[in-house]
file upload13.txt (compact mmCIF, C-alpha atoms)
# COMPACT_ATOMS: atom_id res chain seq x y z
CA PRO A 9 69.11 94.71 127.58
CA THR A 10 69.17 97.93 125.58
CA VAL A 11 72.93 97.72 124.98
CA ARG A 12 75.34 94.78 124.97
CA VAL A 13 79.13 94.93 124.67
CA SER A 14 81.54 92.02 124.26
CA ALA A 15 85.03 91.31 122.97
CA LYS A 16 86.92 88.31 121.61
CA VAL A 17 90.29 87.52 120.09
CA ASN A 18 91.15 85.01 117.37
CA PRO A 19 93.34 83.00 117.58
CA THR A 20 94.12 82.80 121.29
CA GLN A 21 97.57 81.31 120.57
CA ALA A 22 100.07 82.75 118.10
CA TYR A 23 103.75 83.20 117.35
CA VAL A 24 105.63 86.42 117.95
CA GLY A 25 104.74 88.74 115.05
CA GLU A 26 101.77 86.67 113.87
CA GLN A 27 98.50 88.53 113.30
CA ILE A 28 95.61 88.00 115.68
CA VAL A 29 92.28 89.82 115.40
CA TYR A 30 90.58 91.56 118.32
CA THR A 31 86.87 92.20 117.83
CA LEU A 32 84.74 94.56 119.92
CA GLN A 33 81.02 93.97 119.38
CA PHE A 34 78.56 96.72 120.30
CA ALA A 35 74.88 95.80 120.02
CA ALA A 36 71.98 98.20 120.65
CA LEU A 37 68.24 97.76 120.16
CA ALA A 38 67.44 99.03 116.69
CA ASN A 39 64.80 101.47 117.98
CA VAL A 40 66.91 102.93 120.80
CA ASP A 41 67.23 106.74 120.78
CA PHE A 42 70.72 107.97 121.65
CA ALA A 43 71.21 111.57 122.80
CA GLN A 44 74.62 111.45 121.11
CA GLN A 45 76.71 108.97 119.19
CA PRO A 46 78.23 106.27 121.42
CA THR A 47 81.96 106.69 121.96
CA TYR A 48 84.54 103.92 121.98
CA GLU A 49 87.79 103.62 123.90
CA ALA A 50 90.26 101.07 122.56
CA PRO A 51 91.76 98.49 124.92
CA SER A 52 95.30 98.70 126.23
CA THR A 53 97.50 96.52 124.04
CA GLU A 54 100.89 96.60 125.77
CA GLY A 55 103.17 94.03 124.17
CA PHE A 56 101.43 94.27 120.79
CA TRP A 57 101.73 96.40 117.69
CA ALA A 58 98.14 97.39 116.80
CA GLU A 59 96.33 98.66 113.69
CA GLU A 60 92.57 99.06 113.26
CA PHE A 61 90.75 97.59 110.28
CA PRO A 62 89.77 100.20 107.67
CA ARG A 63 86.03 99.86 108.29
CA ILE A 64 83.46 99.07 110.97
CA VAL A 65 81.16 96.13 110.17
CA ARG A 66 77.44 96.81 110.70
CA SER A 67 74.61 94.27 110.71
CA TYR A 68 71.15 93.61 112.18
CA GLN A 69 70.17 90.55 114.18
CA SER A 70 67.20 89.73 116.45
CA GLY A 71 66.14 93.37 116.72
CA TYR A 72 69.65 94.66 117.45
CA GLU A 73 71.91 96.86 115.38
CA ILE A 74 75.40 95.41 115.72
CA GLN A 75 78.70 97.20 115.12
CA ARG A 76 82.03 95.40 115.13
CA VAL A 77 85.32 97.26 115.56
CA ARG A 78 88.34 95.11 114.75
CA ILE A 79 92.02 95.58 115.52
CA ALA A 80 94.91 93.59 114.07
CA LEU A 81 97.38 92.82 116.85
CA PHE A 82 100.95 91.63 116.33
CA PRO A 83 102.66 90.26 119.48
CA LEU A 84 106.07 91.78 120.12
CA ARG A 85 107.28 89.21 122.62
CA ALA A 86 106.58 85.69 123.81
CA GLY A 87 104.58 84.88 126.93
CA ASP A 88 101.03 85.32 128.22
CA LEU A 89 99.99 88.77 127.01
CA LYS A 90 96.88 90.57 128.21
CA ILE A 91 94.51 92.78 126.26
CA GLY A 92 92.76 95.34 128.42
CA ARG A 93 89.12 96.32 128.61
CA SER A 94 87.38 98.25 125.86
CA LYS A 95 84.91 100.91 126.97
CA VAL A 96 81.77 102.12 125.23
CA THR A 97 79.97 105.19 126.57
CA VAL A 98 76.33 105.85 125.65
CA ARG A 99 73.70 108.38 126.70
CA LEU A 100 70.04 107.86 125.93
CA HIS A 101 67.52 110.65 125.28
CA GLY A 102 65.91 111.66 128.54
CA SER A 103 68.89 110.53 130.60
CA ALA A 104 71.05 113.14 132.27
CA LEU A 105 73.99 110.78 132.76
CA ALA A 106 75.92 108.59 130.37
CA ASP A 107 76.33 104.87 130.90
CA GLU A 108 79.67 103.13 130.47
CA TYR A 109 80.00 99.52 129.36
CA GLN A 110 83.24 97.55 129.60
CA THR A 111 84.44 94.30 128.07
CA ASP A 112 86.38 91.63 129.90
CA THR A 113 90.16 91.49 129.69
CA LEU A 114 91.51 88.83 127.33
CA GLN A 115 94.69 86.79 127.23
CA VAL A 116 96.80 85.51 124.35
CA LYS A 117 99.48 82.84 124.63
CA VAL A 118 102.41 83.87 122.44
CA LYS A 119 105.06 81.37 121.36
CA PRO A 120 108.62 82.30 120.31
CA LEU A 121 109.58 81.90 116.67
CA PRO A 122 111.48 78.75 115.68
CA GLN A 123 115.21 79.29 115.60
CA PRO A 124 117.33 80.13 113.76
CA THR A 125 115.45 82.75 111.75
CA PRO A 126 116.46 83.37 108.09
CA LYS A 127 119.35 85.73 107.45
CA GLY A 128 118.06 89.29 107.17
CA PHE A 129 114.66 88.30 108.62
CA GLN A 130 112.37 91.34 108.77
CA ASN A 131 109.68 89.93 111.08
CA LEU A 132 107.23 89.07 108.33
CA VAL A 133 105.22 86.35 110.08
CA GLY A 134 102.14 84.99 108.33
CA GLN A 135 100.99 84.67 104.75
CA VAL A 136 103.18 86.55 102.27
CA VAL A 137 102.67 86.68 98.49
CA ALA A 138 105.01 88.49 96.08
CA SER A 139 104.64 89.31 92.38
CA VAL A 140 106.59 91.37 89.85
CA THR A 141 105.47 93.17 86.69
CA ALA A 142 107.48 95.00 84.03
CA GLU A 143 105.67 97.25 81.55
CA PRO A 144 105.77 97.69 78.64
CA GLU A 145 107.18 94.40 77.38
CA THR A 146 109.15 96.17 74.64
CA VAL A 147 110.93 99.48 75.13
CA GLY A 148 113.48 101.48 73.16
CA VAL A 149 116.87 102.70 74.29
CA GLY A 150 116.38 105.81 76.43
CA GLU A 151 112.71 105.07 77.01
CA THR A 152 111.17 104.22 80.37
CA LEU A 153 110.28 100.77 81.66
CA THR A 154 108.28 100.47 84.90
CA VAL A 155 109.10 97.60 87.25
CA LYS A 156 106.71 97.01 90.14
CA LEU A 157 107.18 94.62 93.05
CA ARG A 158 104.02 93.89 95.05
CA VAL A 159 104.34 92.19 98.44
CA GLU A 160 101.09 91.43 100.25
CA GLY A 161 99.62 89.27 102.96
CA THR A 162 98.63 89.00 106.60
CA ALA A 163 102.17 89.69 107.80
CA ASN A 164 102.85 93.20 109.07
CA MET A 165 104.33 94.81 105.96
CA ARG A 166 105.31 97.89 107.95
CA ASN A 167 108.22 95.75 109.15
CA LEU A 168 109.54 95.69 105.58
CA GLU A 169 111.67 98.73 106.27
CA GLN A 170 113.96 98.71 103.24
CA ALA A 171 113.05 98.27 99.60
CA PRO A 172 114.70 95.25 97.96
CA SER A 173 117.57 96.30 95.74
CA LEU A 174 117.26 96.31 91.95
CA SER A 175 120.37 96.55 89.79
CA LEU A 176 120.43 95.94 86.03
CA PRO A 177 123.41 95.96 83.69
CA ASN A 178 123.20 98.42 80.79
CA ALA A 179 120.28 100.30 82.33
CA PHE A 180 119.70 103.23 84.63
CA VAL A 181 117.54 102.30 87.65
CA GLY A 182 115.88 105.10 89.60
CA LEU A 183 115.13 105.13 93.31
CA PRO A 184 112.02 103.11 94.21
CA ARG A 185 108.69 104.73 95.02
CA GLU A 186 106.87 103.03 97.88
CA ARG A 187 103.18 102.66 98.69
CA LEU A 188 101.44 100.88 101.58
CA SER A 189 97.72 100.18 101.87
CA THR A 190 95.45 97.86 103.83
CA THR A 191 92.22 96.07 103.12
CA GLU A 192 90.43 93.03 104.53
CA ARG A 193 90.60 89.46 103.30
CA ASP A 194 89.07 86.37 104.93
CA GLY A 195 88.62 88.15 108.25
CA LYS A 196 92.24 89.33 108.47
CA LEU A 197 93.88 92.69 107.89
CA TRP A 198 95.60 92.39 104.50
CA PHE A 199 98.65 94.56 103.83
CA ILE A 200 99.74 95.57 100.33
CA ARG A 201 103.25 97.01 99.92
CA GLU A 202 104.36 98.16 96.47
CA PHE A 203 107.79 99.23 95.23
CA THR A 204 108.04 100.85 91.80
CA TRP A 205 111.24 101.54 89.83
CA ARG A 206 111.72 103.51 86.60
CA VAL A 207 114.26 101.75 84.40
CA VAL A 208 115.88 103.33 81.32
CA PRO A 209 117.87 100.96 79.04
CA LYS A 210 121.23 102.31 77.85
CA LYS A 211 121.70 99.86 74.96
CA GLU A 212 119.76 97.34 72.91
CA GLY A 213 119.32 93.77 74.14
CA LYS A 214 117.31 91.69 76.55
CA LEU A 215 116.77 92.95 80.09
CA THR A 216 116.19 90.25 82.72
CA ILE A 217 114.61 91.29 86.00
CA PRO A 218 116.40 89.29 88.72
CA ALA A 219 114.58 87.44 91.49
CA PHE A 220 113.84 89.43 94.64
CA ARG A 221 114.55 87.94 98.05
CA ILE A 222 112.29 88.90 100.95
CA PRO A 223 113.34 87.07 104.14
call {"tool": "encode", "arguments": {"input": "upload13.txt", "output": "structure tokens"}}
result
Amino acid sequence: PTVRVSAKVNPTQAYVGEQIVYTLQFAALANVDFAQQPTYEAPSTEGFWAEEFPRIVRSYQSGYEIQRVRIALFPLRAGDLKIGRSKVTVRLHGSALADEYQTDTLQVKVKPLPQPTPKGFQNLVGQVVASVTAEPETVGVGETLTVKLRVEGTANMRNLEQAPSLSLPNAFVGLPRERLSTTERDGKLWFIREFTWRVVPKKEGKLTIPAFRIP
């Protein structure tokens, strides 16, 4: 066939809030001549929070050019949730009408989270890694120290609605600046959430950055 379209989801079982990856694969013969760029319609994802990966993966195999569009899906409730059909519309040179290709619908079995959840739980389900830096290591009274908390992982960091609090004796602590970005790691959408504080010591001595708690 000139064009092939398929879809899959991995894993097919997950907990509420756990990331699963939907992949739409569009394959066309490498020498095919399109009258216009193929268009893509995302599937219906009712019951999920969805975010596309930052880039489309392109490759060549057995005479086909293959494009993969991926979406990170986070189930919002337990049960058997359905993912609708994706649609790809193409029109070849010399053809007056466009052709539409559809994928099959898919199903994901979603399990409820174990109970009870931690106090203050912010629906961070999946791999989460946190690190803290304070620069420079030595600072004078009235000078500025920068404290940065970096929280990253496969969990949906958009659920981290409030910045953790930072309070230091004998120092002024400014309001945190926040930054959120995404990349890809090991086939998953990887979120990076950063919180940055400006700290100004009021007197000499040792400043200890306390531990942050992220439930």
call {"tool": "closest_residue", "arguments": {"input": "upload13.txt", "among": "A:Ile222, A:Ala80, A:Ala58, A:Leu153", "to": "A:Ser173", "atoms": "all atoms listed in the file"}}
result
A:Ile222
call {"tool": "residues_near_point", "arguments": {"input": "upload13.txt", "point": "(102.8, 99.3, 102.0)", "cutoff": "8 Å", "atoms": "only C-alpha atoms", "output": "list in words"}}
result
Met165, Arg166, Glu186, Arg187, Leu188, Ser189, Thr190, Phe199, Ile200, Arg201 and Glu202 of chain A
call {"tool": "residues_around", "arguments": {"input": "upload13.txt", "residues": "A:Ala86", "least_positions_apart": "5", "cutoff": "8 Å", "atoms": "all atoms listed in the file", "output": "list in words"}}
result
Tyr23, Val24, Lys117, Val118, Lys119 and Pro120 of chain A
call {"tool": "atom_distance", "arguments": {"input": "upload13.txt", "atom1": "atom CA of A:Gly128", "atom2": "atom CA of A:Pro223"}}
result
6.0 Å
call {"tool": "atom_distance", "arguments": {"input": "upload13.txt", "atom1": "atom CA of A:Ile74", "atom2": "atom CA of A:Phe34"}}
result
5.7 Å
call {"tool": "closest_atom_pairs", "arguments": {"input": "upload13.txt", "of": "stretch 186-211 of chain A", "to": "stretch 139-149 of chain A", "cutoff": "9 Å", "atoms": "all atoms listed in the file", "output": "Markdown table"}}
result
| residue | atom | partner | partner_atom | distance |
| --- | --- | --- | --- | --- |
| A:Val208 | CA | A:Val149 | CA | 7.1 |
| A:Pro209 | CA | A:Val149 | CA | 5.2 |
| A:Lys210 | CA | A:Val149 | CA | 5.6 |
| A:Lys211 | CA | A:Val149 | CA | 5.6 |
call {"tool": "write_last_selection", "arguments": {"input": "upload13.txt", "atoms": "C-alpha atoms", "output": "PDB file, keeping the file's coordinate frame"}}
result
ATOM      1  CA  VAL A 208     115.880 103.330  81.320  1.00  0.00           C
ATOM      2  CA  PRO A 209     117.870 100.960  79.040  1.00  0.00           C
ATOM      3  CA  LYS A 210     121.230 102.310  77.850  1.00  0.00           C
ATOM      4  CA  LYS A 211     121.700  99.860  74.960  1.00  0.00           C
TER       5      LYS A 211
END
call {"tool": "closest_residue", "arguments": {"input": "upload13.txt", "among": "A:Leu84, A:Ala104, A:Val181, A:Leu157", "to": "A:Glu54", "atoms": "only C-alpha atoms"}}
result
A:Leu84
call {"tool": "residues_around", "arguments": {"input": "upload13.txt", "residues": "A:Thr204", "least_positions_apart": "3", "cutoff": "7 Å", "atoms": "all atoms listed in the file", "output": "VMD selection string"}}
result
chain A and resid 154 to 157 184 to 186
call {"tool": "write_last_selection", "arguments": {"input": "upload13.txt", "atoms": "C-alpha atoms", "output": "PDB file, keeping the file's coordinate frame"}}
result
ATOM      1  CA  THR A 154     108.280 100.470  84.900  1.00  0.00           C
ATOM      2  CA  VAL A 155     109.100  97.600  87.250  1.00  0.00           C
ATOM      3  CA  LYS A 156     106.710  97.010  90.140  1.00  0.00           C
ATOM      4  CA  LEU A 157     107.180  94.620  93.050  1.00  0.00           C
ATOM      5  CA  PRO A 184     112.020 103.110  94.210  1.00  0.00           C
ATOM      6  CA  ARG A 185     108.690 104.730  95.020  1.00  0.00           C
ATOM      7  CA  GLU A 186     106.870 103.030  97.880  1.00  0.00           C
TER       8      GLU A 186
END
call {"tool": "atom_distance", "arguments": {"input": "upload13.txt", "atom1": "atom CA of A:Gln21", "atom2": "atom CA of A:Leu89"}}
result
10.1 Å
call {"tool": "axis_aligned_box", "arguments": {"input": "upload13.txt", "around": "stretch 163-177 of chain A", "padding_each_side": "3 Å", "output": "lines of an AutoDock Vina configuration file"}}
result
center_x = 112.8
center_y = 94.2
center_z = 96.4
size_x = 27.2
size_y = 15.0
size_z = 31.5
call {"tool": "residues_around", "arguments": {"input": "upload13.txt", "residues": "A:Tyr72", "least_positions_apart": "4", "cutoff": "7 Å", "atoms": "all atoms listed in the file", "output": "PyMOL selection string"}}
result
chain A and resi 35-38+68
call {"tool": "closest_residue", "arguments": {"input": "upload13.txt", "among": "A:Asn39, A:Gln170, A:Ser70, A:Ser175", "to": "A:Arg206", "atoms": "all atoms listed in the file"}}
result
A:Ser175
call {"tool": "decode", "arguments": {"input": "upload13.txt", "residues": "stretch 77-157 of chain A", "atoms": "C-alpha atoms", "output": "mmCIF file, in the first residue's frame"}}
result
data_model
loop_
_atom_site.group_PDB
_atom_site.id
_atom_site.type_symbol
_atom_site.label_atom_id
_atom_site.label_comp_id
_atom_site.auth_asym_id
_atom_site.auth_seq_id
_atom_site.Cartn_x
_atom_site.Cartn_y
_atom_site.Cartn_z
ATOM 1 C CA VAL A 77 3.434 11.269 16.578
ATOM 2 C CA ARG A 78 3.369 10.535 20.308
ATOM 3 C CA ILE A 79 1.078 11.759 23.053
ATOM 4 C CA ALA A 80 1.598 11.350 26.792
ATOM 5 C CA LEU A 81 -1.714 10.421 28.397
ATOM 6 C CA PHE A 82 -2.470 10.598 32.116
ATOM 7 C CA PRO A 83 -5.663 8.769 33.193
ATOM 8 C CA LEU A 84 -7.958 10.906 35.329
ATOM 9 C CA ARG A 85 -10.122 8.095 36.661
ATOM 10 C CA ALA A 86 -10.133 4.340 37.126
ATOM 11 C CA GLY A 87 -11.904 1.935 34.783
ATOM 12 C CA ASP A 88 -11.682 0.830 31.150
ATOM 13 C CA LEU A 89 -10.921 4.018 29.223
ATOM 14 C CA LYS A 90 -11.087 4.277 25.445
ATOM 15 C CA ILE A 91 -8.859 6.230 23.097
ATOM 16 C CA GLY A 92 -10.601 7.229 19.893
ATOM 17 C CA ARG A 93 -9.486 6.957 16.295
ATOM 18 C CA SER A 94 -6.749 9.128 14.845
ATOM 19 C CA LYS A 95 -7.283 10.381 11.307
ATOM 20 C CA VAL A 96 -4.709 11.144 8.630
ATOM 21 C CA THR A 97 -5.816 12.869 5.421
ATOM 22 C CA VAL A 98 -3.647 12.710 2.292
ATOM 23 C CA ARG A 99 -4.038 13.815 -1.316
ATOM 24 C CA LEU A 100 -1.742 12.543 -4.036
ATOM 25 C CA HIS A 101 -0.722 14.507 -7.139
ATOM 26 C CA GLY A 102 -3.171 13.785 -9.922
ATOM 27 C CA SER A 103 -5.973 12.940 -7.518
ATOM 28 C CA ALA A 104 -8.909 15.306 -7.217
ATOM 29 C CA LEU A 105 -10.042 13.897 -3.873
ATOM 30 C CA ALA A 106 -8.249 13.358 -0.600
ATOM 31 C CA ASP A 107 -8.082 9.989 1.107
ATOM 32 C CA GLU A 108 -8.707 9.578 4.824
ATOM 33 C CA TYR A 109 -7.081 6.858 6.907
ATOM 34 C CA GLN A 110 -8.204 5.977 10.430
ATOM 35 C CA THR A 111 -6.648 3.977 13.240
ATOM 36 C CA ASP A 112 -8.496 1.538 15.449
ATOM 37 C CA THR A 113 -9.831 2.602 18.827
ATOM 38 C CA LEU A 114 -7.726 1.463 21.782
ATOM 39 C CA GLN A 115 -8.509 0.613 25.381
ATOM 40 C CA VAL A 116 -6.555 1.119 28.595
ATOM 41 C CA LYS A 117 -7.329 -0.566 31.901
ATOM 42 C CA VAL A 118 -6.812 1.981 34.676
ATOM 43 C CA LYS A 119 -6.411 0.919 38.299
ATOM 44 C CA PRO A 120 -7.148 3.159 41.311
ATOM 45 C CA LEU A 121 -4.229 4.365 43.403
ATOM 46 C CA PRO A 122 -3.455 2.472 46.616
ATOM 47 C CA GLN A 123 -5.032 4.082 49.641
ATOM 48 C CA PRO A 124 -4.457 6.105 51.689
ATOM 49 C CA THR A 125 -2.467 8.577 49.614
ATOM 50 C CA PRO A 126 0.227 10.714 51.343
ATOM 51 C CA LYS A 127 -0.900 13.892 53.071
ATOM 52 C CA GLY A 128 -0.886 16.772 50.597
ATOM 53 C CA PHE A 129 -0.552 14.381 47.627
ATOM 54 C CA GLN A 130 -0.401 16.350 44.371
ATOM 55 C CA ASN A 131 -1.041 13.496 41.925
ATOM 56 C CA LEU A 132 2.594 12.981 40.993
ATOM 57 C CA VAL A 133 2.451 9.358 39.829
ATOM 58 C CA GLY A 134 5.554 7.859 38.249
ATOM 59 C CA GLN A 135 9.272 8.490 38.475
ATOM 60 C CA VAL A 136 10.165 11.684 40.351
ATOM 61 C CA VAL A 137 13.690 12.973 41.004
ATOM 62 C CA ALA A 138 14.476 16.118 43.015
ATOM 63 C CA SER A 139 17.732 18.047 43.482
ATOM 64 C CA VAL A 140 18.733 21.339 45.099
ATOM 65 C CA THR A 141 21.605 23.718 44.351
ATOM 66 C CA ALA A 142 22.742 26.869 46.148
ATOM 67 C CA GLU A 143 25.201 29.209 44.430
ATOM 68 C CA PRO A 144 27.649 30.655 45.215
ATOM 69 C CA GLU A 145 28.887 28.585 48.147
ATOM 70 C CA THR A 146 30.127 31.706 49.957
ATOM 71 C CA VAL A 147 28.243 35.000 49.998
ATOM 72 C CA GLY A 148 28.514 38.219 51.984
ATOM 73 C CA VAL A 149 25.854 39.903 54.074
ATOM 74 C CA GLY A 150 23.493 41.774 51.745
ATOM 75 C CA GLU A 151 24.651 39.831 48.700
ATOM 76 C CA THR A 152 22.486 37.437 46.703
ATOM 77 C CA LEU A 153 22.449 33.660 46.942
ATOM 78 C CA THR A 154 20.470 31.665 44.365
ATOM 79 C CA VAL A 155 18.666 28.525 45.526
ATOM 80 C CA LYS A 156 17.216 26.282 42.820
ATOM 81 C CA LEU A 157 14.957 23.272 43.324
#
